[in-house]
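First comes the structure, then the notes that go with it.
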Amino acid sequence: MPSIDAANSTTAGGPVVNSWNEWDPLEEVIVGVLDGAATLPWDTALDAVTAVEHRDRSEEYHRLRGGRQVEPIHVAAAQRELDEFVSILEGEGVTVRRPEPLDHAVPHATPLWASPGGNCQANPRDVLIVLGDEILEAPMAWRSRYFEFLAYRDLCKDYFRRGAKWRAAPKPAMTDASYDPRWVRGEGYVTTEVEPLFDAADMTRCGRDVFVQRSHVTNDFGIDWLRVHYGDTLRFHKVEFDDYRAIHIDATWVPLRPGLALTNPDRPMTTVPEILRDSDWTFLDAPRSTLPERHPQFASYQWLSMNMLSLGPDKVIVEAHETPTIEMLAAEGIEAIPCPFRSNYRFGGSFHCATVDVRRRGGLDSYF
């Protein structure tokens with residue numbers, strides 16, 4: 001076993017953990033797994049991010065199925081897509097690591113609350129983020145996802161023993177005080193400010209500048225915690241969008257390379273940091289998805305067309321059916337590798353959600 005004092009290096013002499021932005025050439029990535037996935041239990045936190053047109057049907061389904069294993073027929077279709085995704089990554093020379101699968105169809109509790117079950121290991125992006133040479137474990141904001149970090153512990157310990165830094169944000173109590181009982185859909189956020197809360201997927205990295213969305217799972221206290229702990233190196237900018245279901249930034253505002261970002265035409269930015277107002281970046285509205293409007297989760301899934309993974313500043317992996325997006329990227333000189341992934345949407349995301357980029361070739365820079 002390598003000493004924890006060993007240099008943060010790969011066998012080739014470079015850093016074992018190194019990722020400062022969303023677009024530098026990708027060398028190593030964690031990809032989620034579907035084993036042990038459970039249907040999310042219904043609670044106030046899930047209600048806050050549910051589309052109004054789906055709410056009644058979703059509540060009925062999640063109350064009935066919450067905490068139980070996802071039906072095998074749904075897992076099988078998604079697994080075929082996930083296998084193809086991993087094959088593409090490895091074919092591009094990217095090292096792929098996987099978390100340990102957990103059985104999420106198990107009740108869990110702390111002394112303060114209980115949940116009938118958990119979620120899944122499909123979306124490591126929600127739990128972990130690499131900031132430079134450090135892996136950060138997010139506190140999370142849902143009781144159903146409280147213990148999700150356990151599946152990544154062996155990976156984090158391995159990276160740490162090989163010299164990487166590893167930090168976990170304070171684990172929240174998640175009592176009823178963390179959720180606003182007066183919350184009204186479309187008016188503010190369900191999370192309060194009694195303790196730091198954030199999901200890692202509410203951050204997007206542009207070198208020295210990190211943009212953090214205030215959402216139903218990320219509060220101002222969480223953003224302040226990040227500023228205090230990384231303020232000597234990174235600048236954290238709060239952003240907000242016109243989105244009553246706000247959760248995770250990677251289907252709303254997606255930087256593709258220095259000077260170019262995709263924006264969501266249905267979710268304009270309402271809290272705009274000065275650094276963006278004064279920038280010379282180009283912001284392009286993403287094309288609308290080809291997901292059929294008759295799809296039962298159209299309102300929730302349509303913008304996962306933006307949830308792509310960059311292999312480098314001129315190459316990304318995109319859902320195979322999203323021809324308008326593929327053509328738009330080509331016009332910007334970016335090659336899009338198509339991969340079917342819509343069966344994975346029911347597990348909470350697409351390519352960006354399903355990954356954590358552990359190592360990209362490049363260093364810390366300023367792009368604004």
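Residue names in the structure tokens use chain letters A, B, ... in the order shown, residue numbers from 1 in each chain, and ligand numbers from 1 in the order shown.
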
Exercise for review: Would you list the contacts of Arg288 in chain A as a ChimeraX atom specification, taking every protein, DNA or RNA residue within 12 Å and counting only C-alpha atoms, but skipping same-chain residues closer than 3 positions in sequence?
Suggested key: /A:251,262-266,285,291-293,298,301-306,321-326,328

Give me the residues of range 83-108 of chain A that have any atom at most 12 Å from an atom of range 347-365 of chain A; for each, the nearest atom pair and the distance in Å, rounded to one decimal. Use only C-alpha atoms, sort by chain and number, and format it as JSON lines.
```
{"residue": "A:Glu84", "atom": "CA", "partner": "A:Phe351", "partner_atom": "CA", "distance": 11.7}
{"residue": "A:Phe85", "atom": "CA", "partner": "A:Phe351", "partner_atom": "CA", "distance": 8.3}
{"residue": "A:Val86", "atom": "CA", "partner": "A:Thr355", "partner_atom": "CA", "distance": 10.4}
{"residue": "A:Ile88", "atom": "CA", "partner": "A:Phe351", "partner_atom": "CA", "distance": 11.8}
{"residue": "A:Leu89", "atom": "CA", "partner": "A:Thr355", "partner_atom": "CA", "distance": 11.0}
{"residue": "A:Val94", "atom": "CA", "partner": "A:Arg359", "partner_atom": "CA", "distance": 9.5}
{"residue": "A:Thr95", "atom": "CA", "partner": "A:Arg359", "partner_atom": "CA", "distance": 9.3}
{"residue": "A:Val96", "atom": "CA", "partner": "A:Thr355", "partner_atom": "CA", "distance": 9.5}
{"residue": "A:Arg97", "atom": "CA", "partner": "A:Val358", "partner_atom": "CA", "distance": 9.3}
{"residue": "A:Arg98", "atom": "CA", "partner": "A:Thr355", "partner_atom": "CA", "distance": 9.5}
{"residue": "A:Pro99", "atom": "CA", "partner": "A:Thr355", "partner_atom": "CA", "distance": 10.6}
```

Practice item. Would you kindly return, as a VMD selection string, each protein, DNA or RNA residue with an atom no farther than 7 Å from any atom of Leu34 in chain A, considering only C-alpha atoms and excluding same-chain residues fewer than 3 positions away? Key: chain A and resid 37 75 120 to 122

Generate a file of the selected residues that holds C-alpha atoms, formatted as an mmCIF file, in the first residue's frame.
```cif
data_model
loop_
_atom_site.group_PDB
_atom_site.id
_atom_site.type_symbol
_atom_site.label_atom_id
_atom_site.label_comp_id
_atom_site.auth_asym_id
_atom_site.auth_seq_id
_atom_site.Cartn_x
_atom_site.Cartn_y
_atom_site.Cartn_z
ATOM 1 C CA ALA A 37 -30.749 1.391 -7.050
ATOM 2 C CA VAL A 75 -32.160 -1.347 -14.847
ATOM 3 C CA CYS A 120 -28.634 4.961 -6.114
ATOM 4 C CA GLN A 121 -24.979 5.133 -7.127
ATOM 5 C CA ALA A 122 -25.714 6.324 -10.661
#
```

Check your understanding: What is the distance, in Å and to one decimal place, between CA of Leu311 in chain A and CA of Glu22 in chain A?
Key ->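 Computing it gives 9.0 Å between the two atoms.
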
Practice item. Compile the contact shell of Cys156 in chain A as a ChimeraX atom specification: residues with an atom at most 10 Å away, counting only C-alpha atoms, same-chain residues fewer than 5 positions apart removed. Key: /A:99,128,135-137,149-151,161-162,164-167

Selection to disk with N, CA and C atoms, as a short mmCIF file (atom, residue, chain, number, x, y, z; two decimals), in the first residue's frame:
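Output file result_17.cif is given in full below:
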```
data_model
loop_
_atom_site.label_atom_id
_atom_site.label_comp_id
_atom_site.auth_asym_id
_atom_site.auth_seq_id
_atom_site.Cartn_x
_atom_site.Cartn_y
_atom_site.Cartn_z
N PRO A 99 -17.59 3.07 -8.34
CA PRO A 99 -17.84 2.97 -6.89
C PRO A 99 -18.31 1.57 -6.51
N LEU A 128 -19.54 13.99 -5.13
CA LEU A 128 -18.13 14.34 -5.13
C LEU A 128 -17.82 15.40 -6.18
N ILE A 135 -10.29 16.00 -3.52
CA ILE A 135 -11.64 15.47 -3.66
C ILE A 135 -12.47 16.01 -2.51
N LEU A 136 -13.59 16.64 -2.85
CA LEU A 136 -14.50 17.17 -1.83
C LEU A 136 -15.78 16.34 -1.83
N GLU A 137 -16.16 15.91 -0.65
CA GLU A 137 -17.40 15.16 -0.45
C GLU A 137 -18.47 16.14 0.03
N PHE A 149 -22.51 8.58 0.26
CA PHE A 149 -21.06 8.75 0.18
C PHE A 149 -20.30 7.46 0.46
N LEU A 150 -20.94 6.52 1.17
CA LEU A 150 -20.23 5.31 1.58
C LEU A 150 -19.69 4.52 0.38
N ALA A 151 -20.40 4.55 -0.73
CA ALA A 151 -19.98 3.78 -1.90
C ALA A 151 -18.67 4.28 -2.50
N ARG A 161 -4.34 7.76 -0.29
CA ARG A 161 -3.11 7.02 0.01
C ARG A 161 -2.05 7.24 -1.06
N ARG A 162 -2.50 7.61 -2.26
CA ARG A 162 -1.54 7.90 -3.33
C ARG A 162 -1.18 9.38 -3.40
N ALA A 164 -3.37 12.28 -2.95
CA ALA A 164 -4.38 13.30 -3.18
C ALA A 164 -4.92 13.85 -1.86
N LYS A 165 -5.45 15.04 -1.91
CA LYS A 165 -6.15 15.60 -0.75
C LYS A 165 -7.60 15.11 -0.77
N TRP A 166 -8.20 15.04 0.40
CA TRP A 166 -9.57 14.53 0.53
C TRP A 166 -10.23 15.25 1.69
N ARG A 167 -11.36 15.87 1.42
CA ARG A 167 -12.05 16.65 2.44
C ARG A 167 -13.55 16.33 2.37
#
```

Practice item. Kindly indicate which residue among A:Glu319, A:Glu28, A:Glu53, A:Glu148 lies nearest to Asp126 in chain A, using only C-alpha atoms for the distances. Key: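 Selected residue with least distance to Asp126 in chain A: A:Glu148.
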
Practice item. Excluding Ala78 in chain A and residues on its chain fewer than 2 positions from it, collect all residues at most 6 Å away from it, counting only C-alpha atoms, and give them as a PyMOL selection string. Key: chain A and resi 75-76+80-81+343-344

Review point. Between A:Thr39, A:Asn21, A:Ser87, A:Thr50, which is the closest to Pro72 in chain A once you count only C-alpha atoms?
Key: A:Thr39

Check your understanding: Looking only at the backbone, which of the residues in range 96-185 of chain A does DSSP tag as strand (DSSP E or B), as a list in words?
Key ->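 Residues meeting the strand (DSSP E or B) criterion: Val96, Arg97, His108, Ala109, Ala114, Ser115, Gln121, Leu128, Ile129, Val130, Leu131, Gly132, Glu134, Ile135, Leu136, Glu137, Lys165, Trp166, Arg167, Ala168, Tyr179 and Val184 of chain A.
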
Since we have the selection now, will you write its residues out, keeping C-alpha atoms, as a PDB file, in the first residue's frame?
```
ATOM      1  CA  VAL A  96     -12.588   4.487 -15.674  1.00  0.00           C
ATOM      2  CA  ARG A  97     -13.089   3.816 -11.945  1.00  0.00           C
ATOM      3  CA  HIS A 108     -31.815   4.025   7.297  1.00  0.00           C
ATOM      4  CA  ALA A 109     -31.875   6.485  10.158  1.00  0.00           C
ATOM      5  CA  ALA A 114     -35.563   8.009   9.464  1.00  0.00           C
ATOM      6  CA  SER A 115     -35.956   7.299   5.739  1.00  0.00           C
ATOM      7  CA  GLN A 121     -24.979   5.133  -7.127  1.00  0.00           C
ATOM      8  CA  LEU A 128     -18.125  14.343  -5.135  1.00  0.00           C
ATOM      9  CA  ILE A 129     -16.294  17.151  -6.872  1.00  0.00           C
ATOM     10  CA  VAL A 130     -12.589  17.531  -7.604  1.00  0.00           C
ATOM     11  CA  LEU A 131     -11.269  21.018  -6.943  1.00  0.00           C
ATOM     12  CA  GLY A 132      -7.701  21.029  -8.173  1.00  0.00           C
ATOM     13  CA  GLU A 134      -8.536  17.667  -3.732  1.00  0.00           C
ATOM     14  CA  ILE A 135     -11.637  15.471  -3.665  1.00  0.00           C
ATOM     15  CA  LEU A 136     -14.498  17.168  -1.832  1.00  0.00           C
ATOM     16  CA  GLU A 137     -17.403  15.163  -0.449  1.00  0.00           C
ATOM     17  CA  LYS A 165      -6.147  15.595  -0.755  1.00  0.00           C
ATOM     18  CA  TRP A 166      -9.565  14.527   0.531  1.00  0.00           C
ATOM     19  CA  ARG A 167     -12.053  16.650   2.437  1.00  0.00           C
ATOM     20  CA  ALA A 168     -15.628  16.105   3.602  1.00  0.00           C
ATOM     21  CA  TYR A 179     -36.600  22.577   5.551  1.00  0.00           C
ATOM     22  CA  VAL A 184     -44.584  27.620  -1.386  1.00  0.00           C
TER      23      VAL A 184
END
```

Review point. Can you tell me how far CA of Thr218 in chain A sits from CA of Asp199 in chain A, in Å to one decimal?
Key: 6.2 Å

**Study point:** Selection: 10 Å around Met269 in chain A, only C-alpha atoms, excl. self and same-chain fewer than 4 positions, as a list in words
**Key:**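 Residues meeting the cut-off are Gln213, Val239, Glu240, Phe241, Asp242, Asp243, Thr252, Trp253, Thr263, Asn264, Pro265 and Pro273 of chain A.
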
Practice item. Go through A:Glu335, A:Asp314, A:Glu90, A:Asp220 and flag the residue nearest Pro25 in chain A, using only C-alpha atoms for the distances. Key: A:Asp314

What parts of range 96-287 of chain A does DSSP call helix (DSSP H, G or I)? I'd like the answer as a PDB file with N, CA and C atoms, in the first residue's frame.
```
ATOM      1  N   PRO A 124     -22.413   9.980  -9.322  1.00  0.00           N
ATOM      2  CA  PRO A 124     -21.343  10.421  -8.414  1.00  0.00           C
ATOM      3  C   PRO A 124     -21.117  11.926  -8.430  1.00  0.00           C
ATOM      4  N   ARG A 125     -21.510  12.606  -9.518  1.00  0.00           N
ATOM      5  CA  ARG A 125     -21.330  14.056  -9.626  1.00  0.00           C
ATOM      6  C   ARG A 125     -22.040  14.796  -8.503  1.00  0.00           C
ATOM      7  N   ASP A 126     -23.129  14.221  -7.978  1.00  0.00           N
ATOM      8  CA  ASP A 126     -23.889  14.886  -6.930  1.00  0.00           C
ATOM      9  C   ASP A 126     -23.154  14.861  -5.602  1.00  0.00           C
ATOM     10  N   VAL A 127     -22.345  13.827  -5.397  1.00  0.00           N
ATOM     11  CA  VAL A 127     -21.719  13.580  -4.098  1.00  0.00           C
ATOM     12  C   VAL A 127     -20.294  14.105  -4.024  1.00  0.00           C
ATOM     13  N   ARG A 143     -32.438  13.471   2.991  1.00  0.00           N
ATOM     14  CA  ARG A 143     -32.250  12.375   3.932  1.00  0.00           C
ATOM     15  C   ARG A 143     -32.056  11.046   3.203  1.00  0.00           C
ATOM     16  N   SER A 144     -32.736  10.877   2.090  1.00  0.00           N
ATOM     17  CA  SER A 144     -32.619   9.636   1.331  1.00  0.00           C
ATOM     18  C   SER A 144     -31.211   9.436   0.762  1.00  0.00           C
ATOM     19  N   ARG A 145     -30.421  10.511   0.668  1.00  0.00           N
ATOM     20  CA  ARG A 145     -29.091  10.436   0.083  1.00  0.00           C
ATOM     21  C   ARG A 145     -27.979  10.608   1.125  1.00  0.00           C
ATOM     22  N   GLU A 148     -25.113   8.034   0.918  1.00  0.00           N
ATOM     23  CA  GLU A 148     -24.669   7.698  -0.429  1.00  0.00           C
ATOM     24  C   GLU A 148     -23.146   7.770  -0.576  1.00  0.00           C
ATOM     25  N   PHE A 149     -22.509   8.579   0.257  1.00  0.00           N
ATOM     26  CA  PHE A 149     -21.056   8.755   0.181  1.00  0.00           C
ATOM     27  C   PHE A 149     -20.301   7.462   0.459  1.00  0.00           C
ATOM     28  N   LEU A 150     -20.938   6.518   1.167  1.00  0.00           N
ATOM     29  CA  LEU A 150     -20.226   5.309   1.577  1.00  0.00           C
ATOM     30  C   LEU A 150     -19.694   4.516   0.383  1.00  0.00           C
ATOM     31  N   ALA A 151     -20.398   4.552  -0.731  1.00  0.00           N
ATOM     32  CA  ALA A 151     -19.979   3.782  -1.903  1.00  0.00           C
ATOM     33  C   ALA A 151     -18.670   4.284  -2.498  1.00  0.00           C
ATOM     34  N   TYR A 152     -18.298   5.526  -2.188  1.00  0.00           N
ATOM     35  CA  TYR A 152     -17.100   6.133  -2.766  1.00  0.00           C
ATOM     36  C   TYR A 152     -15.906   6.112  -1.812  1.00  0.00           C
ATOM     37  N   ARG A 153     -16.096   5.576  -0.625  1.00  0.00           N
ATOM     38  CA  ARG A 153     -15.047   5.652   0.379  1.00  0.00           C
ATOM     39  C   ARG A 153     -13.792   4.895  -0.032  1.00  0.00           C
ATOM     40  N   ASP A 154     -13.921   3.709  -0.617  1.00  0.00           N
ATOM     41  CA  ASP A 154     -12.726   2.963  -1.028  1.00  0.00           C
ATOM     42  C   ASP A 154     -11.951   3.728  -2.099  1.00  0.00           C
ATOM     43  N   LEU A 155     -12.669   4.345  -3.033  1.00  0.00           N
ATOM     44  CA  LEU A 155     -11.993   5.139  -4.055  1.00  0.00           C
ATOM     45  C   LEU A 155     -11.278   6.330  -3.434  1.00  0.00           C
ATOM     46  N   CYS A 156     -11.965   7.042  -2.555  1.00  0.00           N
ATOM     47  CA  CYS A 156     -11.354   8.220  -1.934  1.00  0.00           C
ATOM     48  C   CYS A 156     -10.129   7.835  -1.102  1.00  0.00           C
ATOM     49  N   LYS A 157     -10.224   6.725  -0.385  1.00  0.00           N
ATOM     50  CA  LYS A 157      -9.076   6.275   0.406  1.00  0.00           C
ATOM     51  C   LYS A 157      -7.902   5.912  -0.484  1.00  0.00           C
ATOM     52  N   ASP A 158      -8.189   5.298  -1.623  1.00  0.00           N
ATOM     53  CA  ASP A 158      -7.119   4.953  -2.555  1.00  0.00           C
ATOM     54  C   ASP A 158      -6.429   6.201  -3.090  1.00  0.00           C
ATOM     55  N   TYR A 159      -7.211   7.179  -3.513  1.00  0.00           N
ATOM     56  CA  TYR A 159      -6.614   8.420  -4.020  1.00  0.00           C
ATOM     57  C   TYR A 159      -5.813   9.125  -2.916  1.00  0.00           C
ATOM     58  N   PHE A 160      -6.355   9.123  -1.698  1.00  0.00           N
ATOM     59  CA  PHE A 160      -5.667   9.763  -0.581  1.00  0.00           C
ATOM     60  C   PHE A 160      -4.336   9.087  -0.287  1.00  0.00           C
ATOM     61  N   ARG A 161      -4.340   7.760  -0.286  1.00  0.00           N
ATOM     62  CA  ARG A 161      -3.108   7.024   0.013  1.00  0.00           C
ATOM     63  C   ARG A 161      -2.051   7.239  -1.060  1.00  0.00           C
ATOM     64  N   ASP A 176     -36.007  18.727  10.903  1.00  0.00           N
ATOM     65  CA  ASP A 176     -37.073  19.469  10.225  1.00  0.00           C
ATOM     66  C   ASP A 176     -36.706  20.941  10.052  1.00  0.00           C
ATOM     67  N   ALA A 177     -35.808  21.447  10.918  1.00  0.00           N
ATOM     68  CA  ALA A 177     -35.419  22.858  10.827  1.00  0.00           C
ATOM     69  C   ALA A 177     -34.649  23.161   9.545  1.00  0.00           C
ATOM     70  N   SER A 178     -34.123  22.145   8.863  1.00  0.00           N
ATOM     71  CA  SER A 178     -33.398  22.365   7.613  1.00  0.00           C
ATOM     72  C   SER A 178     -34.328  22.627   6.429  1.00  0.00           C
ATOM     73  N   ALA A 200     -22.752  18.580  -4.774  1.00  0.00           N
ATOM     74  CA  ALA A 200     -21.602  18.945  -5.595  1.00  0.00           C
ATOM     75  C   ALA A 200     -22.016  19.331  -7.014  1.00  0.00           C
ATOM     76  N   ALA A 201     -23.120  18.788  -7.502  1.00  0.00           N
ATOM     77  CA  ALA A 201     -23.559  19.064  -8.872  1.00  0.00           C
ATOM     78  C   ALA A 201     -24.133  20.459  -9.052  1.00  0.00           C
ATOM     79  N   ASP A 202     -24.218  21.244  -7.987  1.00  0.00           N
ATOM     80  CA  ASP A 202     -24.618  22.642  -8.129  1.00  0.00           C
ATOM     81  C   ASP A 202     -23.422  23.549  -8.406  1.00  0.00           C
ATOM     82  N   ASP A 220     -27.244  29.277   1.020  1.00  0.00           N
ATOM     83  CA  ASP A 220     -26.203  30.306   1.133  1.00  0.00           C
ATOM     84  C   ASP A 220     -25.141  29.923   2.166  1.00  0.00           C
ATOM     85  N   PHE A 221     -25.551  29.234   3.216  1.00  0.00           N
ATOM     86  CA  PHE A 221     -24.597  28.786   4.230  1.00  0.00           C
ATOM     87  C   PHE A 221     -23.585  27.827   3.592  1.00  0.00           C
ATOM     88  N   GLY A 222     -24.052  26.961   2.716  1.00  0.00           N
ATOM     89  CA  GLY A 222     -23.151  26.056   2.020  1.00  0.00           C
ATOM     90  C   GLY A 222     -22.174  26.781   1.123  1.00  0.00           C
ATOM     91  N   ILE A 223     -22.663  27.797   0.415  1.00  0.00           N
ATOM     92  CA  ILE A 223     -21.788  28.598  -0.451  1.00  0.00           C
ATOM     93  C   ILE A 223     -20.751  29.337   0.388  1.00  0.00           C
ATOM     94  N   ASP A 224     -21.179  29.876   1.539  1.00  0.00           N
ATOM     95  CA  ASP A 224     -20.240  30.552   2.427  1.00  0.00           C
ATOM     96  C   ASP A 224     -19.171  29.601   2.943  1.00  0.00           C
ATOM     97  N   TRP A 225     -19.562  28.369   3.259  1.00  0.00           N
ATOM     98  CA  TRP A 225     -18.588  27.375   3.729  1.00  0.00           C
ATOM     99  C   TRP A 225     -17.525  27.141   2.659  1.00  0.00           C
ATOM    100  N   LEU A 226     -17.933  27.012   1.421  1.00  0.00           N
ATOM    101  CA  LEU A 226     -16.991  26.802   0.325  1.00  0.00           C
ATOM    102  C   LEU A 226     -16.036  27.989   0.193  1.00  0.00           C
ATOM    103  N   ARG A 227     -16.576  29.193   0.302  1.00  0.00           N
ATOM    104  CA  ARG A 227     -15.735  30.390   0.182  1.00  0.00           C
ATOM    105  C   ARG A 227     -14.668  30.440   1.266  1.00  0.00           C
ATOM    106  N   VAL A 228     -15.037  30.084   2.474  1.00  0.00           N
ATOM    107  CA  VAL A 228     -14.087  30.125   3.587  1.00  0.00           C
ATOM    108  C   VAL A 228     -12.987  29.077   3.395  1.00  0.00           C
ATOM    109  N   HIS A 229     -13.360  27.884   2.971  1.00  0.00           N
ATOM    110  CA  HIS A 229     -12.395  26.789   2.920  1.00  0.00           C
ATOM    111  C   HIS A 229     -11.533  26.780   1.666  1.00  0.00           C
ATOM    112  N   TYR A 230     -11.935  27.499   0.628  1.00  0.00           N
ATOM    113  CA  TYR A 230     -11.136  27.514  -0.607  1.00  0.00           C
ATOM    114  C   TYR A 230     -10.787  28.928  -1.056  1.00  0.00           C
ATOM    115  N   GLU A 274     -20.886  39.719 -11.158  1.00  0.00           N
ATOM    116  CA  GLU A 274     -20.263  40.802 -11.922  1.00  0.00           C
ATOM    117  C   GLU A 274     -19.248  40.270 -12.921  1.00  0.00           C
ATOM    118  N   ILE A 275     -18.554  39.205 -12.546  1.00  0.00           N
ATOM    119  CA  ILE A 275     -17.524  38.656 -13.423  1.00  0.00           C
ATOM    120  C   ILE A 275     -18.113  38.139 -14.731  1.00  0.00           C
ATOM    121  N   LEU A 276     -19.382  37.703 -14.713  1.00  0.00           N
ATOM    122  CA  LEU A 276     -20.049  37.283 -15.949  1.00  0.00           C
ATOM    123  C   LEU A 276     -20.584  38.475 -16.723  1.00  0.00           C
ATOM    124  N   ARG A 277     -21.093  39.473 -16.012  1.00  0.00           N
ATOM    125  CA  ARG A 277     -21.631  40.662 -16.691  1.00  0.00           C
ATOM    126  C   ARG A 277     -20.554  41.376 -17.499  1.00  0.00           C
TER     127      ARG A 277
END
```

Review point. Between A:Glu27, A:Arg205, A:Ala138, A:Ala336, which is the closest to Gly14 in chain A once you count only C-alpha atoms?
Key: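 Between A:Glu27, A:Arg205, A:Ala138, A:Ala336, the residue approaching Gly14 in chain A most closely is A:Glu27.
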
Practice item. Please provide the set of residues having any atom within 7 Å of His104 in chain A, restricted to only C-alpha atoms, with same-chain residues fewer than 5 positions apart removed, written as a list in words. Key: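 In the requested form, the answer reads Gly36, Ala37, Ala38, Gly117, Gly118, Asn119 and Cys120 of chain A.
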
Those residues with C-alpha atoms, as a PDB file, in the first residue's frame please?
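Now in part09.pdb:
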```pdb
ATOM      1  CA  GLY A  36     -28.750  -1.588  -5.755  1.00  0.00           C
ATOM      2  CA  ALA A  37     -30.749   1.391  -7.050  1.00  0.00           C
ATOM      3  CA  ALA A  38     -33.956   2.216  -5.193  1.00  0.00           C
ATOM      4  CA  GLY A 117     -34.733   3.864   1.748  1.00  0.00           C
ATOM      5  CA  GLY A 118     -32.087   5.593  -0.304  1.00  0.00           C
ATOM      6  CA  ASN A 119     -31.361   6.451  -3.922  1.00  0.00           C
ATOM      7  CA  CYS A 120     -28.634   4.961  -6.114  1.00  0.00           C
TER       8      CYS A 120
END
```

**Study point:** Nearest-residue call for Arg208 in chain A, choices A:Ala45, A:Ser58, A:Val318, A:Phe368, using only C-alpha atoms
**Key:**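 That would be A:Phe368, the residue with the smallest distance to Arg208 in chain A.
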
Exercise for review: Go through A:Thr233, A:Thr44, A:Ser279, A:Gln79 and flag the residue nearest His62 in chain A, using only C-alpha atoms for the distances.
Suggested key: A:Thr44

Check your understanding: Expressed in Å to a single decimal, how great is the separation between CA of Met140 in chain A and CA of Arg245 in chain A?
Key ->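 Separation of CA of Met140 in chain A and CA of Arg245 in chain A: 16.6 Å.
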